$ cat run_18.txt   # compact mmCIF, C-alpha atoms
# COMPACT_ATOMS: atom_id res chain seq x y z
CA MET A 873 -15.97 27.02 -64.66
CA ARG A 874 -16.98 23.63 -66.00
CA SER A 875 -19.06 25.02 -68.88
CA LYS A 876 -16.12 27.13 -70.14
CA LYS A 877 -13.81 24.11 -70.09
CA ARG A 878 -16.40 22.04 -71.93
CA PHE A 879 -16.84 24.77 -74.52
CA THR A 880 -13.07 25.13 -75.03
CA VAL A 881 -12.42 21.39 -75.33
CA PHE A 882 -15.23 20.84 -77.83
CA THR A 883 -14.31 23.94 -79.83
CA PHE A 884 -10.79 22.60 -80.32
CA MET A 885 -12.05 19.12 -81.23
CA TYR A 886 -14.46 20.65 -83.75
CA THR A 887 -11.64 22.80 -85.14
CA ALA A 888 -9.43 19.75 -85.66
CA ILE A 889 -12.24 17.84 -87.41
CA ILE A 890 -13.12 20.83 -89.62
CA ILE A 891 -9.48 20.97 -90.79
CA TRP A 892 -9.46 17.21 -91.33
CA MET A 893 -12.74 17.19 -93.27
CA SER A 894 -11.76 20.21 -95.39
CA PHE A 895 -8.45 18.58 -96.21
CA SER A 896 -10.18 15.33 -97.18
CA LEU A 897 -12.58 17.24 -99.43
CA GLN A 898 -9.72 19.13 -101.02
CA MET A 899 -7.88 15.86 -101.60
CA LEU A 900 -11.00 14.40 -103.21
CA PHE A 901 -11.39 17.40 -105.52
CA SER A 902 -7.70 17.32 -106.48
CA THR A 903 -8.02 13.73 -107.72
CA VAL A 904 -10.27 14.94 -110.54
CA GLY A 905 -8.30 15.43 -113.69
CA THR A 906 -5.56 13.71 -115.58
CA ASP A 907 -2.48 12.09 -114.20
CA PRO A 908 0.18 10.09 -115.97
CA LYS A 909 -0.38 7.29 -113.45
CA PRO A 910 -4.14 6.55 -113.07
CA TRP A 911 -3.64 4.14 -110.18
CA ILE A 912 -2.28 7.06 -108.09
CA ILE A 913 -5.49 8.98 -108.73
CA GLU A 914 -7.50 5.91 -107.72
CA VAL A 915 -5.56 5.41 -104.50
CA ASN A 916 -5.76 9.11 -103.64
CA ARG A 917 -9.49 9.16 -104.31
CA ASN A 918 -10.09 6.11 -102.10
CA VAL A 919 -8.00 7.56 -99.29
CA ALA A 920 -9.89 10.86 -99.59
CA ILE A 921 -13.29 9.14 -99.51
CA ILE A 922 -12.37 7.00 -96.49
CA SER A 923 -10.95 10.04 -94.70
CA LEU A 924 -14.06 12.10 -95.53
CA VAL A 925 -16.49 9.42 -94.35
CA LEU A 926 -14.48 8.87 -91.18
CA SER A 927 -14.39 12.60 -90.37
CA ALA A 928 -18.14 12.87 -91.09
CA VAL A 929 -18.93 9.94 -88.78
CA ILE A 930 -16.75 11.42 -86.04
CA SER A 931 -18.35 14.86 -86.41
CA ILE A 932 -21.86 13.35 -86.12
CA SER A 933 -20.79 11.28 -83.10
CA LEU A 934 -19.18 14.31 -81.52
CA SER A 935 -22.28 16.45 -82.01
CA VAL A 936 -24.47 13.72 -80.44
CA PHE A 937 -21.99 13.34 -77.58
CA TYR A 938 -21.85 17.10 -77.03
CA ALA A 939 -25.66 17.38 -77.00
CA TRP A 940 -25.80 14.52 -74.51
CA ILE A 941 -23.18 16.18 -72.29
CA ILE A 942 -24.91 19.57 -72.39
CA THR A 943 -28.30 18.15 -71.49
CA ASN A 944 -26.79 15.90 -68.84
CA TYR A 945 -24.55 18.41 -67.08
CA ARG A 946 -27.09 21.20 -67.41
CA ARG A 947 -30.00 19.13 -66.07
CA THR A 948 -30.45 21.25 -62.96
CA GLU A 949 -30.12 24.44 -64.98
CA ILE A 950 -32.65 23.28 -67.58
CA ALA A 951 -35.06 22.09 -64.87
CA THR A 952 -34.66 25.40 -63.02
CA LEU A 953 -35.36 27.35 -66.20
CA LYS A 954 -38.48 25.25 -66.74
CA CYS A 955 -39.48 25.92 -63.14
CA ILE A 956 -39.26 29.67 -63.64
CA GLY A 957 -41.39 29.55 -66.76
CA TYR A 958 -39.22 28.61 -69.74
CA THR A 959 -41.11 26.49 -72.27
CA ASN A 960 -39.52 23.46 -73.96
CA ASN A 961 -38.93 25.63 -77.02
CA ASN A 962 -37.13 28.31 -74.98
CA VAL A 963 -34.78 25.67 -73.54
CA ARG A 964 -34.21 24.05 -76.93
CA VAL A 965 -33.13 27.39 -78.38
CA ILE A 966 -30.43 27.61 -75.68
CA ILE A 967 -29.11 24.09 -76.30
CA VAL A 968 -29.25 24.30 -80.10
CA GLY A 969 -27.69 27.77 -79.87
CA GLU A 970 -24.72 26.34 -77.97
CA LEU A 971 -24.25 23.53 -80.54
CA ILE A 972 -24.36 25.97 -83.46
CA TRP A 973 -22.17 28.51 -81.65
CA VAL A 974 -19.42 25.93 -81.06
CA THR A 975 -19.53 24.97 -84.77
CA MET A 976 -19.36 28.56 -85.98
CA PHE A 977 -16.67 29.48 -83.48
CA SER A 978 -14.53 26.53 -84.61
CA PHE A 979 -15.05 27.63 -88.23
CA LEU A 980 -13.86 31.13 -87.35
CA ILE A 981 -10.75 29.68 -85.69
CA VAL A 982 -9.95 27.67 -88.83
CA PHE A 983 -10.56 30.72 -91.01
CA GLU A 984 -8.34 32.87 -88.81
CA LEU A 985 -5.68 30.16 -88.85
CA LEU A 986 -5.72 30.03 -92.65
CA ILE A 987 -5.32 33.80 -92.91
CA HIS A 988 -2.25 33.59 -90.70
CA VAL A 989 -0.81 30.67 -92.67
CA VAL A 990 -1.31 32.58 -95.91
CA ALA A 991 0.23 35.74 -94.47
CA PHE A 992 3.17 33.84 -93.01
CA SER A 993 3.85 31.89 -96.22
CA ALA A 994 3.47 34.92 -98.45
CA TYR A 995 5.81 36.96 -96.32
CA PHE A 996 8.59 34.39 -95.99
CA TYR A 997 8.45 32.18 -99.08
CA TYR A 998 6.89 34.03 -101.96
CA THR A 999 8.16 36.86 -104.04
CA ALA A 1000 5.78 39.23 -105.79
CA ASP A 1001 6.09 37.50 -109.15
CA ARG A 1002 5.24 34.06 -107.69
CA LEU A 1003 2.37 35.21 -105.49
CA SER A 1004 -0.33 34.33 -108.03
CA ASP A 1005 0.74 30.64 -107.84
CA PHE A 1006 0.21 30.55 -104.12
CA SER A 1007 -2.74 28.87 -102.43
CA PRO A 1008 -3.30 28.07 -98.75
CA PHE A 1009 -3.12 24.45 -97.61
CA ILE A 1010 -6.93 24.42 -97.44
CA ARG A 1011 -8.84 26.35 -100.08
CA PHE A 1012 -11.96 28.35 -99.35
CA GLY A 1013 -14.32 26.09 -101.38
CA PRO A 1014 -13.71 22.87 -99.41
CA LEU A 1015 -13.87 24.87 -96.19
CA LEU A 1016 -17.30 26.28 -97.05
CA ILE A 1017 -18.60 22.82 -98.01
CA THR A 1018 -17.18 21.47 -94.74
CA ILE A 1019 -19.01 24.03 -92.63
CA ALA A 1020 -22.26 23.21 -94.43
CA LEU A 1021 -21.67 19.47 -93.81
CA PHE A 1022 -20.79 20.22 -90.21
CA LEU A 1023 -24.01 22.13 -89.64
CA VAL A 1024 -25.95 19.22 -91.14
CA ALA A 1025 -24.03 16.86 -88.82
CA GLN A 1026 -25.38 18.87 -85.86
CA ILE A 1027 -28.88 17.58 -86.64
CA GLY A 1028 -28.08 14.35 -84.78
CA GLY A 1029 -27.11 16.32 -81.70
CA ILE A 1030 -30.10 18.62 -82.04
CA LEU A 1031 -32.49 15.64 -82.14
CA ILE A 1032 -30.90 14.15 -79.02
CA ALA A 1033 -31.14 17.52 -77.27
CA TYR A 1034 -34.81 17.92 -78.31
CA ARG A 1035 -35.72 14.52 -76.92
CA ARG A 1036 -33.85 14.94 -73.64
CA VAL A 1037 -35.12 18.47 -73.02
CA LEU A 1038 -38.69 17.35 -73.61
CA ARG A 1039 -38.33 14.49 -71.14
CA LEU A 1040 -36.75 16.58 -68.39
CA ARG A 1041 -39.37 17.59 -65.84
CA PRO A 1042 -39.03 20.89 -63.95
CA ILE A 1043 -39.52 19.09 -60.64
CA ILE A 1044 -35.92 17.77 -61.00
CA ALA A 1045 -34.76 21.24 -59.93
CA LEU A 1046 -36.10 20.59 -56.45
CA ARG A 1047 -34.90 17.00 -56.21
CA ILE A 1048 -31.25 17.21 -57.24
CA GLN A 1049 -28.82 17.37 -54.38
CA LYS A 1050 -25.46 18.79 -55.39
CA MET B 1427 -64.23 38.48 -48.12
CA LYS B 1428 -60.64 37.86 -49.15
CA GLU B 1429 -59.65 36.45 -52.53
CA ILE B 1430 -58.65 32.77 -52.53
CA MET B 1431 -55.26 32.37 -54.22
CA ILE B 1432 -54.81 28.59 -53.92
CA LYS B 1433 -57.46 25.96 -53.34
CA CYS B 1434 -56.68 22.25 -53.14
CA GLU B 1435 -59.67 19.91 -52.92
CA GLY B 1436 -59.45 16.19 -52.24
CA VAL B 1437 -55.86 15.96 -53.43
CA HIS B 1438 -54.30 12.50 -53.46
CA LYS B 1439 -50.80 11.69 -54.61
CA GLU B 1440 -48.99 8.37 -54.63
CA PHE B 1441 -45.48 7.34 -55.60
CA ARG B 1442 -44.12 3.94 -56.45
CA LEU B 1443 -40.75 3.35 -54.83
CA ARG B 1444 -38.98 -0.01 -55.27
CA GLY B 1445 -42.27 -1.82 -55.66
CA ASN B 1446 -43.88 -0.11 -52.65
CA ILE B 1447 -46.64 2.44 -52.96
CA ILE B 1448 -45.97 5.60 -50.94
CA ARG B 1449 -49.07 7.66 -50.23
CA ALA B 1450 -47.55 11.14 -50.19
CA LEU B 1451 -50.79 13.13 -50.00
CA ILE B 1452 -54.07 11.75 -48.64
CA ASN B 1453 -57.25 13.76 -49.18
CA VAL B 1454 -55.57 17.14 -48.73
CA ASN B 1455 -57.86 20.18 -48.62
CA VAL B 1456 -56.23 23.61 -48.36
CA GLU B 1457 -57.33 27.17 -48.98
CA ILE B 1458 -54.77 29.97 -49.06
CA GLU B 1459 -55.89 33.57 -49.28
CA ALA B 1460 -54.14 36.19 -51.40
CA GLY B 1461 -51.37 37.92 -49.47
CA GLU B 1462 -51.09 35.23 -46.80
CA PHE B 1463 -47.74 33.98 -45.51
CA ILE B 1464 -48.12 30.22 -45.08
CA MET B 1465 -45.58 27.92 -43.49
CA ILE B 1466 -45.92 24.21 -44.29
CA GLN B 1467 -44.18 22.34 -41.53
CA GLY B 1468 -43.65 18.71 -40.68
CA PRO B 1469 -41.06 15.97 -40.35
CA THR B 1470 -39.04 14.68 -43.29
CA GLY B 1471 -41.13 12.54 -45.64
CA CYS B 1472 -44.50 13.86 -44.42
CA GLY B 1473 -45.48 15.14 -47.89
CA LYS B 1474 -44.88 18.87 -47.48
CA THR B 1475 -42.65 19.22 -50.58
CA THR B 1476 -45.10 17.08 -52.57
CA LEU B 1477 -47.90 19.45 -51.52
CA LEU B 1478 -45.78 22.44 -52.64
CA ASN B 1479 -45.04 20.72 -55.97
CA VAL B 1480 -48.71 19.99 -56.53
CA MET B 1481 -49.80 23.52 -55.55
CA SER B 1482 -47.23 25.06 -57.90
CA GLY B 1483 -48.04 22.81 -60.87
CA LEU B 1484 -44.64 21.09 -60.84
CA ASP B 1485 -46.39 17.80 -60.15
CA LEU B 1486 -49.90 16.64 -60.90
CA PRO B 1487 -52.22 15.14 -58.30
CA ASP B 1488 -53.58 11.61 -58.89
CA GLU B 1489 -56.97 12.82 -57.71
CA GLY B 1490 -58.52 16.14 -56.75
CA SER B 1491 -58.25 19.67 -58.06
CA VAL B 1492 -55.75 22.48 -57.57
CA ILE B 1493 -57.03 25.97 -58.34
CA LEU B 1494 -54.37 28.69 -58.52
CA ASP B 1495 -55.62 32.23 -59.02
CA GLY B 1496 -58.90 30.92 -60.44
CA GLU B 1497 -57.33 28.39 -62.85
CA ASP B 1498 -57.30 24.62 -62.46
CA ILE B 1499 -53.60 23.89 -62.89
CA ALA B 1500 -54.09 20.13 -62.46
CA ARG B 1501 -55.69 20.09 -65.91
CA ALA B 1502 -53.48 22.63 -67.70
CA ASN B 1503 -51.11 21.44 -70.44
CA GLU B 1504 -47.34 21.92 -70.21
CA ASP B 1505 -47.16 25.14 -72.23
CA ARG B 1506 -49.97 26.69 -70.21
CA LEU B 1507 -48.21 25.64 -67.00
CA SER B 1508 -45.00 27.30 -68.22
CA ASN B 1509 -46.94 30.50 -68.85
CA ILE B 1510 -48.61 30.32 -65.43
CA ARG B 1511 -45.21 29.83 -63.79
CA ARG B 1512 -43.71 32.76 -65.70
CA GLN B 1513 -46.58 35.11 -64.98
CA LYS B 1514 -47.87 34.15 -61.55
CA ILE B 1515 -45.36 31.99 -59.68
CA GLY B 1516 -41.94 32.56 -58.18
CA PHE B 1517 -39.68 29.82 -56.84
CA VAL B 1518 -37.00 29.93 -54.18
CA PHE B 1519 -34.94 26.74 -54.00
CA GLN B 1520 -33.03 25.12 -51.18
CA ASP B 1521 -29.94 24.72 -53.39
CA PHE B 1522 -30.36 28.28 -54.79
CA ASN B 1523 -30.20 26.83 -58.35
CA LEU B 1524 -28.39 29.81 -59.84
CA VAL B 1525 -26.74 29.37 -63.24
CA GLU B 1526 -23.03 29.26 -62.47
CA HIS B 1527 -21.82 30.92 -65.68
CA LEU B 1528 -24.15 33.91 -65.35
CA THR B 1529 -23.59 36.88 -63.05
CA ALA B 1530 -26.05 37.71 -60.29
CA ILE B 1531 -27.92 40.25 -62.41
CA GLU B 1532 -27.98 37.92 -65.44
CA ASN B 1533 -29.43 35.17 -63.26
CA VAL B 1534 -32.22 37.52 -62.24
CA GLU B 1535 -32.77 38.80 -65.78
CA ALA B 1536 -32.86 35.25 -67.21
CA LEU B 1537 -36.49 34.81 -66.23
CA LEU B 1538 -37.54 37.64 -68.52
CA TRP B 1539 -35.25 36.89 -71.49
CA PRO B 1540 -37.85 34.84 -73.38
CA THR B 1541 -40.43 37.63 -72.99
CA VAL B 1542 -41.11 40.56 -75.32
CA LEU B 1543 -39.74 43.09 -72.82
CA ARG B 1544 -36.88 45.31 -73.96
CA THR B 1545 -33.36 44.75 -72.62
CA LYS B 1546 -33.35 48.06 -70.76
CA GLU B 1547 -36.63 47.31 -69.01
CA ILE B 1548 -35.42 43.84 -68.04
CA GLU B 1549 -32.24 45.36 -66.61
CA ASP B 1550 -34.20 48.01 -64.69
CA ARG B 1551 -36.47 45.36 -63.22
CA ALA B 1552 -33.50 43.16 -62.26
CA ILE B 1553 -31.81 46.11 -60.54
CA ALA B 1554 -35.02 46.90 -58.64
CA ALA B 1555 -35.37 43.23 -57.59
CA LEU B 1556 -31.74 43.03 -56.45
CA ARG B 1557 -32.19 46.27 -54.54
CA ALA B 1558 -35.33 44.92 -52.86
CA VAL B 1559 -33.37 41.96 -51.48
CA ASP B 1560 -30.39 44.15 -50.60
CA VAL B 1561 -27.75 42.51 -52.81
CA LEU B 1562 -27.44 45.09 -55.59
CA GLU B 1563 -23.76 45.80 -54.88
CA ARG B 1564 -22.97 42.17 -55.83
CA LYS B 1565 -24.82 42.28 -59.16
CA ASP B 1566 -21.75 41.65 -61.32
CA HIS B 1567 -20.43 38.74 -59.27
CA TYR B 1568 -20.75 35.11 -60.26
CA PRO B 1569 -22.59 32.74 -57.87
CA SER B 1570 -19.30 31.08 -56.92
CA ASP B 1571 -18.10 34.45 -55.55
CA LEU B 1572 -21.18 34.90 -53.34
CA SER B 1573 -21.90 33.58 -49.86
CA GLY B 1574 -24.81 31.19 -49.28
CA GLY B 1575 -26.99 34.00 -47.92
CA GLU B 1576 -26.18 36.23 -50.90
CA ARG B 1577 -26.92 33.45 -53.37
CA GLN B 1578 -30.28 32.89 -51.75
CA ARG B 1579 -31.00 36.62 -51.99
CA VAL B 1580 -30.17 36.54 -55.70
CA GLY B 1581 -32.51 33.53 -55.96
CA MET B 1582 -35.19 35.59 -54.26
CA ALA B 1583 -34.61 38.53 -56.60
CA ARG B 1584 -35.08 36.13 -59.52
CA ALA B 1585 -38.29 34.89 -57.90
CA ILE B 1586 -39.80 38.38 -57.63
CA ILE B 1587 -38.57 40.11 -60.81
CA HIS B 1588 -41.84 39.32 -62.63
CA GLN B 1589 -43.94 40.35 -59.62
CA PRO B 1590 -45.56 36.96 -59.11
CA ARG B 1591 -48.88 36.44 -57.35
CA VAL B 1592 -47.46 33.52 -55.33
CA LEU B 1593 -43.96 32.69 -54.21
CA PHE B 1594 -43.12 29.08 -53.31
CA ALA B 1595 -40.02 28.35 -51.25
CA ASP B 1596 -38.84 24.81 -50.54
CA GLU B 1597 -36.64 24.77 -47.44
CA PRO B 1598 -35.12 28.16 -48.35
CA THR B 1599 -32.96 28.14 -45.23
CA GLY B 1600 -31.90 24.48 -45.55
CA ASN B 1601 -28.39 25.27 -46.80
CA LEU B 1602 -27.80 28.38 -44.72
CA ASP B 1603 -26.36 29.07 -41.29
CA PRO B 1604 -28.95 30.12 -38.65
CA THR B 1605 -28.25 33.87 -39.00
CA SER B 1606 -28.47 33.87 -42.81
CA GLY B 1607 -31.57 31.66 -42.58
CA LYS B 1608 -33.25 34.12 -40.22
CA ASN B 1609 -32.35 37.03 -42.54
CA VAL B 1610 -33.81 35.21 -45.55
CA LEU B 1611 -37.11 34.56 -43.76
CA GLU B 1612 -37.28 38.16 -42.54
CA LEU B 1613 -36.75 39.26 -46.11
CA LEU B 1614 -39.51 36.95 -47.35
CA LYS B 1615 -41.78 38.44 -44.67
CA LYS B 1616 -40.86 41.96 -45.80
CA LEU B 1617 -41.57 41.10 -49.47
CA ASN B 1618 -44.89 39.62 -48.40
CA LYS B 1619 -45.84 42.88 -46.68
CA ASP B 1620 -44.40 45.31 -49.24
CA LEU B 1621 -45.48 43.54 -52.44
CA GLY B 1622 -48.51 41.65 -51.14
CA THR B 1623 -47.14 38.42 -52.66
CA THR B 1624 -48.69 35.24 -51.28
CA MET B 1625 -45.90 33.17 -49.70
CA VAL B 1626 -45.88 29.41 -49.29
CA VAL B 1627 -42.77 28.26 -47.45
CA VAL B 1628 -41.91 24.63 -46.68
CA THR B 1629 -39.73 23.93 -43.68
CA HIS B 1630 -39.01 21.04 -41.34
CA ASP B 1631 -37.68 23.49 -38.73
CA SER B 1632 -40.38 24.20 -36.14
CA SER B 1633 -38.48 27.26 -34.85
CA LEU B 1634 -39.16 29.08 -38.14
CA VAL B 1635 -42.95 28.78 -38.17
CA GLN B 1636 -43.26 32.06 -36.20
CA TYR B 1637 -42.71 33.93 -39.48
CA GLY B 1638 -45.93 32.65 -41.00
CA ASP B 1639 -49.42 34.14 -40.66
CA ARG B 1640 -50.64 30.54 -40.59
CA VAL B 1641 -48.99 27.15 -40.23
CA ILE B 1642 -50.08 24.05 -42.12
CA LYS B 1643 -48.76 21.11 -40.16
CA MET B 1644 -48.40 17.82 -42.00
CA ASP B 1645 -47.83 14.27 -40.95
CA ARG B 1646 -47.82 11.10 -43.10
CA GLY B 1647 -49.46 12.80 -46.07
CA ARG B 1648 -52.28 14.41 -44.13
CA ILE B 1649 -52.83 17.90 -42.81
CA VAL B 1650 -53.00 17.55 -39.05
CA ARG B 1651 -53.55 21.21 -38.17
$ encode --input "run_18.txt" --output "structure tokens"
Amino acid sequence: MRSKKRFTVFTFMYTAIIIWMSFSLQMLFSTVGTDPKPWIIEVNRNVAIISLVLSAVISISLSVFYAWIITNYRRTEIATLKCIGYTNNNVRVIIVGELIWVTMFSFLIVFELLIHVVAFSAYFYYTADRLSDFSPFIRFGPLLITIALFLVAQIGGILIAYRRVLRLRPIIALRIQK
Amino acid sequence: MKEIMIKCEGVHKEFRLRGNIIRALINVNVEIEAGEFIMIQGPTGCGKTTLLNVMSGLDLPDEGSVILDGEDIARANEDRLSNIRRQKIGFVFQDFNLVEHLTAIENVEALLWPTVLRTKEIEDRAIAALRAVDVLERKDHYPSDLSGGERQRVGMARAIIHQPRVLFADEPTGNLDPTSGKNVLELLKKLNKDLGTTMVVVTHDSSLVQYGDRVIKMDRGRIVR
């Protein structure tokens, strides 16, 4: 099942980038404040900004690449759907739906992962009196901002998908030899 | 007088291939009555698939008109063509063209998903279509688990779920063994009789033309008989 493999691989890549981006955001937020050594704050802030920009660029590239892969590997399927009466809009909904679904699914994996990390840490390392000091390695705020940024990053992929779906003629369904 | 389902008048179609102009259809005039079973037969490259594409609105003629069920599809825009295909046309493909990650019944239902019909009605229609082509017991299988003949039957169920006025089939037996191919054509004949659907089947195999009420024979872009 090629489509399942594709979905799994991209979900895990998205998951890794969501963690990376959230961590960069958290690092950036943590540099706000006072520190006895200002140059440390400066270095941390620069590292966080570079890391954030890099993760954003990779997430945009990945979404464009994923959209390209979907529309390329599903050419026959898209052409067949157009043959049987799907409009361009109907097909776009399917492609955009897959892009958004992968993003949301990756977010759920990260969220689930965080819950387990919290549970694990709380159980093994924290006593009841210290529990209020505890926070997971990624906080909820940066994670929510990351998912919003990630959804915005999908726009690149969505535009690619729109263009390629529009250009794909239904007659391809009859021409392609597998 | 019988209703005319498809009327092609003065249809010309050319392709440019590596700098050469290929005249695929030359002044083609065809009339197909509602409920007819038409076989389009001819050697490879004679223009039969191009004629099917033009008649079904998948391709536009360079000249001439194509009237399908009273509507000039050569001048319809893309959205209108999509609607015509969804409401009036069914396709059966040589390569079956089933979606690999959907089960047989989902493949059949897929045609009606973008419509306003309720899920239950879509499912009922898909079951009826699968039953009509005698493959209902395989409804929960994926295409990769089906034989070539079964896949083509699922493809046929998908083509009839919306009760089209015309069904176009491009070499529907091309990827099947002779027995399965014969069964598929017998099934198309049965659907033609039971549902009254107009059938237009393209084949290069002259032994299959016996299934048609009428044969359109093509050679070098022209209708020769």
$ atom_distance --input "run_18.txt" --atom1 "CA of Val1627 (chain B)" --atom2 "CA of Ala1595 (chain B)"
4.7 Å
$ closest_residue --input "run_18.txt" --among "B:Gln1589, B:Gln1578, B:Thr1476, B:Asn1509" --to "chain A" --atoms "all atoms listed in the file"
B:Asn1509
$ closest_residue --input "run_18.txt" --among "B:Asn1618, B:Ser1508, B:Asn1503, B:Asn1453" --to "Leu1486 (chain B)" --atoms "only C-alpha atoms"
B:Asn1503
$ closest_residue --input "run_18.txt" --among "B:Gln1636, B:Val1525, B:Gly1647, B:Ser1570" --to "Ile950 (chain A)" --atoms "only C-alpha atoms"
B:Val1525
$ atom_distance --input "run_18.txt" --atom1 "CA of Arg1648 (chain B)" --atom2 "CA of Gly1607 (chain B)"
27.0 Å
$ residues_around --input "run_18.txt" --residues "Ile981 (chain A)" --least-positions-apart "5" --cutoff "9 Å" --atoms "all atoms listed in the file" --output "VMD selection string"
chain A and resid 883 to 884 887 976 986
$ closest_residue --input "run_18.txt" --among "A:Leu926, A:Ala888, A:Val963, A:Val974" --to "chain B" --atoms "all atoms listed in the file"
A:Val963
$ interface_residues --input "run_18.txt" --of "chain A" --to "chain B" --cutoff "6 Å" --atoms "only C-alpha atoms" --output "list in words"
Ile956, Gly957, Thr959 and Ile1043 of chain A
$ residues_around --input "run_18.txt" --residues "Gln1467 (chain B)" --least-positions-apart "6" --cutoff "8 Å" --atoms "all atoms listed in the file" --output "number ranges by chain"
B: 1474, 1628-1632, 1635, 1641-1644
$ atom_distance --input "run_18.txt" --atom1 "CA of Glu1489 (chain B)" --atom2 "CA of Cys1434 (chain B)"
10.5 Å
$ residues_around --input "run_18.txt" --residues "Phe983 (chain A)" --least-positions-apart "5" --cutoff "12 Å" --atoms "all atoms listed in the file" --output "PDB file with C-alpha atoms, keeping the file's coordinate frame"
ATOM      1  CA  THR A 887     -11.640  22.800 -85.140  1.00  0.00           C
ATOM      2  CA  ILE A 890     -13.120  20.830 -89.620  1.00  0.00           C
ATOM      3  CA  ILE A 891      -9.480  20.970 -90.790  1.00  0.00           C
ATOM      4  CA  SER A 894     -11.760  20.210 -95.390  1.00  0.00           C
ATOM      5  CA  MET A 976     -19.360  28.560 -85.980  1.00  0.00           C
ATOM      6  CA  PHE A 977     -16.670  29.480 -83.480  1.00  0.00           C
ATOM      7  CA  SER A 978     -14.530  26.530 -84.610  1.00  0.00           C
ATOM      8  CA  HIS A 988      -2.250  33.590 -90.700  1.00  0.00           C
ATOM      9  CA  VAL A 989      -0.810  30.670 -92.670  1.00  0.00           C
ATOM     10  CA  VAL A 990      -1.310  32.580 -95.910  1.00  0.00           C
ATOM     11  CA  PRO A1008      -3.300  28.070 -98.750  1.00  0.00           C
ATOM     12  CA  PHE A1009      -3.120  24.450 -97.610  1.00  0.00           C
ATOM     13  CA  ILE A1010      -6.930  24.420 -97.440  1.00  0.00           C
ATOM     14  CA  ARG A1011      -8.840  26.350-100.080  1.00  0.00           C
ATOM     15  CA  PHE A1012     -11.960  28.350 -99.350  1.00  0.00           C
ATOM     16  CA  GLY A1013     -14.320  26.090-101.380  1.00  0.00           C
ATOM     17  CA  PRO A1014     -13.710  22.870 -99.410  1.00  0.00           C
ATOM     18  CA  LEU A1015     -13.870  24.870 -96.190  1.00  0.00           C
ATOM     19  CA  LEU A1016     -17.300  26.280 -97.050  1.00  0.00           C
ATOM     20  CA  THR A1018     -17.180  21.470 -94.740  1.00  0.00           C
ATOM     21  CA  ILE A1019     -19.010  24.030 -92.630  1.00  0.00           C
TER      22      ILE A1019
END
$ residues_near_point --input "run_18.txt" --point "(-41.2, 43.6, -47.6)" --cutoff "12 Å" --atoms "only C-alpha atoms" --output "list in words"
Gly1461, Phe1463, Ala1555, Arg1557, Ala1558, Val1559, Asp1560, Ile1586, Val1610, Leu1611, Glu1612, Leu1613, Leu1614, Lys1615, Lys1616, Leu1617, Asn1618, Lys1619, Asp1620, Leu1621, Gly1622, Thr1623, Thr1624 and Met1625 of chain B
$ closest_residue --input "run_18.txt" --among "A:Leu985, A:Ala1033, A:Val1024, A:Val936" --to "Gly969 (chain A)" --atoms "only C-alpha atoms"
A:Ala1033
$ closest_residue --input "run_18.txt" --among "A:Gln1026, A:Thr975, A:Thr952, A:Ser993" --to "Ala1045 (chain A)" --atoms "all atoms listed in the file"
A:Thr952
$ residues_around --input "run_18.txt" --residues "Ile1030 (chain A)" --least-positions-apart "3" --cutoff "9 Å" --atoms "all atoms listed in the file" --output "number ranges by chain"
A: 935-936, 939, 964, 967-968, 971, 1026-1027, 1033-1035
$ residues_near_point --input "run_18.txt" --point "(-18.6, 10.6, -85.4)" --cutoff "12 Å" --atoms "all atoms listed in the file" --output "list in words"
Met885, Tyr886, Ile889, Met893, Leu924, Val925, Leu926, Ser927, Ala928, Val929, Ile930, Ser931, Ile932, Ser933, Leu934, Ser935, Val936, Phe937, Tyr938, Phe1022, Ala1025, Gln1026, Gly1028 and Gly1029 of chain A
$ write_last_selection --input "run_18.txt" --atoms "C-alpha atoms" --output "mmCIF file, in the coordinates of the input"
data_model
loop_
_atom_site.group_PDB
_atom_site.id
_atom_site.type_symbol
_atom_site.label_atom_id
_atom_site.label_comp_id
_atom_site.auth_asym_id
_atom_site.auth_seq_id
_atom_site.Cartn_x
_atom_site.Cartn_y
_atom_site.Cartn_z
ATOM 1 C CA MET A 885 -12.050 19.120 -81.230
ATOM 2 C CA TYR A 886 -14.460 20.650 -83.750
ATOM 3 C CA ILE A 889 -12.240 17.840 -87.410
ATOM 4 C CA MET A 893 -12.740 17.190 -93.270
ATOM 5 C CA LEU A 924 -14.060 12.100 -95.530
ATOM 6 C CA VAL A 925 -16.490 9.420 -94.350
ATOM 7 C CA LEU A 926 -14.480 8.870 -91.180
ATOM 8 C CA SER A 927 -14.390 12.600 -90.370
ATOM 9 C CA ALA A 928 -18.140 12.870 -91.090
ATOM 10 C CA VAL A 929 -18.930 9.940 -88.780
ATOM 11 C CA ILE A 930 -16.750 11.420 -86.040
ATOM 12 C CA SER A 931 -18.350 14.860 -86.410
ATOM 13 C CA ILE A 932 -21.860 13.350 -86.120
ATOM 14 C CA SER A 933 -20.790 11.280 -83.100
ATOM 15 C CA LEU A 934 -19.180 14.310 -81.520
ATOM 16 C CA SER A 935 -22.280 16.450 -82.010
ATOM 17 C CA VAL A 936 -24.470 13.720 -80.440
ATOM 18 C CA PHE A 937 -21.990 13.340 -77.580
ATOM 19 C CA TYR A 938 -21.850 17.100 -77.030
ATOM 20 C CA PHE A 1022 -20.790 20.220 -90.210
ATOM 21 C CA ALA A 1025 -24.030 16.860 -88.820
ATOM 22 C CA GLN A 1026 -25.380 18.870 -85.860
ATOM 23 C CA GLY A 1028 -28.080 14.350 -84.780
ATOM 24 C CA GLY A 1029 -27.110 16.320 -81.700
#
